[in-house]
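Engineer: The following block contains the structure, expressed as structure tokens.
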Amino acid sequence: TQLLEQSPQFLSIQEGENLTVYCNSSSVFSSLQWYRQEPGEGPVLLVTVVTGGEVKKLKRLTFQFGDARKDSSLHITAAQPGDTGLYLCAGRQTGTASKLTFGTGTRLQVTL
Amino acid sequence: ETGVTQTPRHLVMGMTNKKSLKCEQHLGHNAMYWYKQSAKKPLELMFVYNFKEQTENNSVPSRFSPECPNSSHLFLHLHTLQPEDSALYLCASSQGGGTGRGYTFGSGTRLTVV
């Protein structure tokens, strides 16, 4: 079973700061997704990346898929308290139709 | 409203009890999943159903018994659980395979085994 390691595990920053979260694996993925989970709720899909080197932007969030499709990063510009939550990456291995493997998670807290 | 509804939201049960978790999706998806989320562990896939047929059982103990009567409903029957089974149980659905298919999750059932 491939493992998706996320770093850092915890991050506490002040409003307005920038941050980057990393998702790394030794396995190649056909696609990679990022989710955000708020307390008491299930994860919510933010983005899917499928092409090596692909960059996608969602307002202040920038997602990048590594050239070799083994890693990904999430960069948040000018973080806001509403960005607080658990960020999960999830990879779909080539040949598996539906199965997603989730990363270890990064818990982000943004304070005023 | 997420489109995937899980009940109950919270459940406390003794080790000798039998209970069931329910999941319902109104998105027309044909795949449904059970995941276990424990503190300090990644989300663990438990079961996968495609078009009502179980396609994956991730070495889950037999005290967890899934049931999928149709593509919209998924149950997880619980009996003789252990305290270490306490966790957030998440149901998800998706429109089958394909590289771009995301999951829609329910809000989960917070299970405490005493």
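Please note that chains go A, B, ... in the order of the structure tokens, that every chain numbers its residues from 1, and that ligands are numbered from 1 in the order shown.
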Should the cut-off be 8 Å, what would the residue list for chain A against chain B look like, counting only C-alpha atoms, as a list in words?
Structural biologist: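 Interface list for chain A against chain B: Ser30, Ser31, Gln33, Gly40, Glu41, Gly42, Pro43, Val44, Leu45, Thr48, Val49, Val50, Arg92, Thr96, Ala97, Ser98, Thr101, Phe102, Gly103, Thr104 and Gly105 of chain A.
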Engineer: Run DSSP on the backbone and tell me which residues of chain A come out as strand (DSSP E or B); list them as a PyMOL selection string.
Structural biologist: chain A and resi 5-7+10-14+19-24+29-37+44-49+55-58+61-65+71-76+85-93+101-102+106-111
Engineer: Enter the distance from atom CA of Arg69 of chain A to atom CA of Glu54 of chain A, in Å, rounded to one decimal.
Structural biologist: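 Between these atoms lies a distance of 9.5 Å.
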Engineer: Excluding Val55 of chain A and its own-chain neighbours fewer than 3 positions away, which residues fall within 10 Å of it when counting only C-alpha atoms? Please give them as a PDB file with all heavy atoms, in the first residue's frame.
Structural biologist:
ATOM      1  N   VAL A  49      -5.745  17.347  -9.735  1.00  0.00           N
ATOM      2  CA  VAL A  49      -4.693  17.567 -10.720  1.00  0.00           C
ATOM      3  C   VAL A  49      -4.354  16.225 -11.351  1.00  0.00           C
ATOM      4  O   VAL A  49      -4.316  15.206 -10.653  1.00  0.00           O
ATOM      5  CB  VAL A  49      -3.441  18.236 -10.118  1.00  0.00           C
ATOM      6  CG1 VAL A  49      -3.704  19.702  -9.846  1.00  0.00           C
ATOM      7  CG2 VAL A  49      -3.007  17.541  -8.831  1.00  0.00           C
ATOM      8  N   VAL A  50      -4.140  16.234 -12.668  1.00  0.00           N
ATOM      9  CA  VAL A  50      -3.953  14.963 -13.364  1.00  0.00           C
ATOM     10  C   VAL A  50      -2.682  14.923 -14.228  1.00  0.00           C
ATOM     11  O   VAL A  50      -2.227  13.834 -14.592  1.00  0.00           O
ATOM     12  CB  VAL A  50      -5.167  14.618 -14.254  1.00  0.00           C
ATOM     13  CG1 VAL A  50      -6.399  14.436 -13.410  1.00  0.00           C
ATOM     14  CG2 VAL A  50      -5.393  15.681 -15.303  1.00  0.00           C
ATOM     15  N   THR A  51      -2.122  16.065 -14.568  1.00  0.00           N
ATOM     16  CA  THR A  51      -0.970  16.105 -15.468  1.00  0.00           C
ATOM     17  C   THR A  51       0.284  16.514 -14.693  1.00  0.00           C
ATOM     18  O   THR A  51       0.249  17.465 -13.917  1.00  0.00           O
ATOM     19  CB  THR A  51      -1.213  17.119 -16.594  1.00  0.00           C
ATOM     20  OG1 THR A  51      -2.444  16.799 -17.245  1.00  0.00           O
ATOM     21  CG2 THR A  51      -0.079  17.082 -17.611  1.00  0.00           C
ATOM     22  N   GLY A  52       1.385  15.794 -14.919  1.00  0.00           N
ATOM     23  CA  GLY A  52       2.645  16.153 -14.269  1.00  0.00           C
ATOM     24  C   GLY A  52       3.004  17.605 -14.546  1.00  0.00           C
ATOM     25  O   GLY A  52       2.962  18.037 -15.689  1.00  0.00           O
ATOM     26  N   THR A  62      -3.024  27.771  -4.386  1.00  0.00           N
ATOM     27  CA  THR A  62      -2.344  27.313  -5.592  1.00  0.00           C
ATOM     28  C   THR A  62      -1.890  25.877  -5.385  1.00  0.00           C
ATOM     29  O   THR A  62      -1.197  25.578  -4.408  1.00  0.00           O
ATOM     30  CB  THR A  62      -1.125  28.190  -5.922  1.00  0.00           C
ATOM     31  OG1 THR A  62      -1.549  29.547  -6.089  1.00  0.00           O
ATOM     32  CG2 THR A  62      -0.453  27.711  -7.212  1.00  0.00           C
ATOM     33  N   PHE A  63      -2.287  25.002  -6.288  1.00  0.00           N
ATOM     34  CA  PHE A  63      -1.976  23.578  -6.205  1.00  0.00           C
ATOM     35  C   PHE A  63      -1.040  23.217  -7.340  1.00  0.00           C
ATOM     36  O   PHE A  63      -1.224  23.670  -8.473  1.00  0.00           O
ATOM     37  CB  PHE A  63      -3.262  22.743  -6.334  1.00  0.00           C
ATOM     38  CG  PHE A  63      -4.324  23.092  -5.338  1.00  0.00           C
ATOM     39  CD1 PHE A  63      -5.216  24.126  -5.609  1.00  0.00           C
ATOM     40  CD2 PHE A  63      -4.447  22.394  -4.151  1.00  0.00           C
ATOM     41  CE1 PHE A  63      -6.208  24.459  -4.706  1.00  0.00           C
ATOM     42  CE2 PHE A  63      -5.431  22.715  -3.240  1.00  0.00           C
ATOM     43  CZ  PHE A  63      -6.314  23.745  -3.511  1.00  0.00           C
ATOM     44  N   GLN A  64      -0.036  22.393  -7.026  1.00  0.00           N
ATOM     45  CA  GLN A  64       0.883  21.945  -8.069  1.00  0.00           C
ATOM     46  C   GLN A  64       1.087  20.443  -7.969  1.00  0.00           C
ATOM     47  O   GLN A  64       1.228  19.892  -6.873  1.00  0.00           O
ATOM     48  CB  GLN A  64       2.226  22.664  -7.941  1.00  0.00           C
ATOM     49  CG  GLN A  64       3.209  22.308  -9.043  1.00  0.00           C
ATOM     50  CD  GLN A  64       4.336  23.309  -9.181  1.00  0.00           C
ATOM     51  OE1 GLN A  64       4.511  24.186  -8.349  1.00  0.00           O
ATOM     52  NE2 GLN A  64       5.094  23.184 -10.255  1.00  0.00           N
ATOM     53  N   PHE A  65       1.097  19.779  -9.113  1.00  0.00           N
ATOM     54  CA  PHE A  65       1.377  18.352  -9.210  1.00  0.00           C
ATOM     55  C   PHE A  65       2.813  18.215  -9.692  1.00  0.00           C
ATOM     56  O   PHE A  65       3.210  18.872 -10.653  1.00  0.00           O
ATOM     57  CB  PHE A  65       0.410  17.719 -10.207  1.00  0.00           C
ATOM     58  CG  PHE A  65       0.203  16.234 -10.059  1.00  0.00           C
ATOM     59  CD1 PHE A  65       0.670  15.519  -8.963  1.00  0.00           C
ATOM     60  CD2 PHE A  65      -0.498  15.535 -11.035  1.00  0.00           C
ATOM     61  CE1 PHE A  65       0.454  14.163  -8.832  1.00  0.00           C
ATOM     62  CE2 PHE A  65      -0.735  14.167 -10.909  1.00  0.00           C
ATOM     63  CZ  PHE A  65      -0.255  13.490  -9.812  1.00  0.00           C
ATOM     64  N   GLY A  66       3.603  17.374  -9.037  1.00  0.00           N
ATOM     65  CA  GLY A  66       4.997  17.211  -9.418  1.00  0.00           C
ATOM     66  C   GLY A  66       5.149  16.659 -10.825  1.00  0.00           C
ATOM     67  O   GLY A  66       4.268  15.948 -11.318  1.00  0.00           O
ATOM     68  N   SER A  72       2.915  16.577  -4.536  1.00  0.00           N
ATOM     69  CA  SER A  72       2.083  17.744  -4.802  1.00  0.00           C
ATOM     70  C   SER A  72       2.284  18.761  -3.689  1.00  0.00           C
ATOM     71  O   SER A  72       2.753  18.419  -2.592  1.00  0.00           O
ATOM     72  CB  SER A  72       0.612  17.338  -4.883  1.00  0.00           C
ATOM     73  OG  SER A  72      -0.220  18.451  -5.158  1.00  0.00           O
ATOM     74  N   SER A  73       1.939  19.989  -3.985  1.00  0.00           N
ATOM     75  CA  SER A  73       2.015  21.029  -2.958  1.00  0.00           C
ATOM     76  C   SER A  73       0.785  21.913  -3.031  1.00  0.00           C
ATOM     77  O   SER A  73       0.146  22.053  -4.073  1.00  0.00           O
ATOM     78  CB  SER A  73       3.281  21.870  -3.125  1.00  0.00           C
ATOM     79  OG  SER A  73       3.253  22.577  -4.348  1.00  0.00           O
ATOM     80  N   LEU A  74       0.475  22.490  -1.880  1.00  0.00           N
ATOM     81  CA  LEU A  74      -0.630  23.438  -1.755  1.00  0.00           C
ATOM     82  C   LEU A  74      -0.067  24.700  -1.115  1.00  0.00           C
ATOM     83  O   LEU A  74       0.494  24.635  -0.020  1.00  0.00           O
ATOM     84  CB  LEU A  74      -1.734  22.841  -0.874  1.00  0.00           C
ATOM     85  CG  LEU A  74      -2.712  23.808  -0.188  1.00  0.00           C
ATOM     86  CD1 LEU A  74      -3.460  24.639  -1.212  1.00  0.00           C
ATOM     87  CD2 LEU A  74      -3.668  23.042   0.709  1.00  0.00           C
TER      88      LEU A  74
END
Engineer: Env of Asn24 of chain A: 7 Å cut, atoms = only C-alpha atoms, seq-sep filter 2 positions within chain, self excluded. Answer as a list in words.
Structural biologist: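 Counting only C-alpha atoms, the residues come to Leu4, Glu5, Gln6, Tyr22, Lys70, Asp71 and Ser72 of chain A.
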Engineer: Keeping C-alpha atoms for every residue in the selection just given, could you write it to a file as a CSV table (one decimal), in the first residue's frame?
Structural biologist:
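This went into selection15.csv:
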chain,number,residue,atom,x,y,z
A,4,LEU,CA,1.3,9.6,1.1
A,5,GLU,CA,3.2,11.7,3.7
A,6,GLN,CA,2.1,15.2,4.3
A,22,TYR,CA,3.6,19.2,0.9
A,70,LYS,CA,4.7,11.5,-7.1
A,71,ASP,CA,4.2,14.6,-5.1
A,72,SER,CA,2.1,17.7,-4.8
Engineer: Which residues are near Asp83 of chain A? Cut-off 12 Å, only C-alpha atoms, ignore same chain within fewer than 4 positions. Put them as an MDAnalysis selection string.
Structural biologist: chainID A and resid 11:19 35:38 46 59:61 75:79 87 107:112
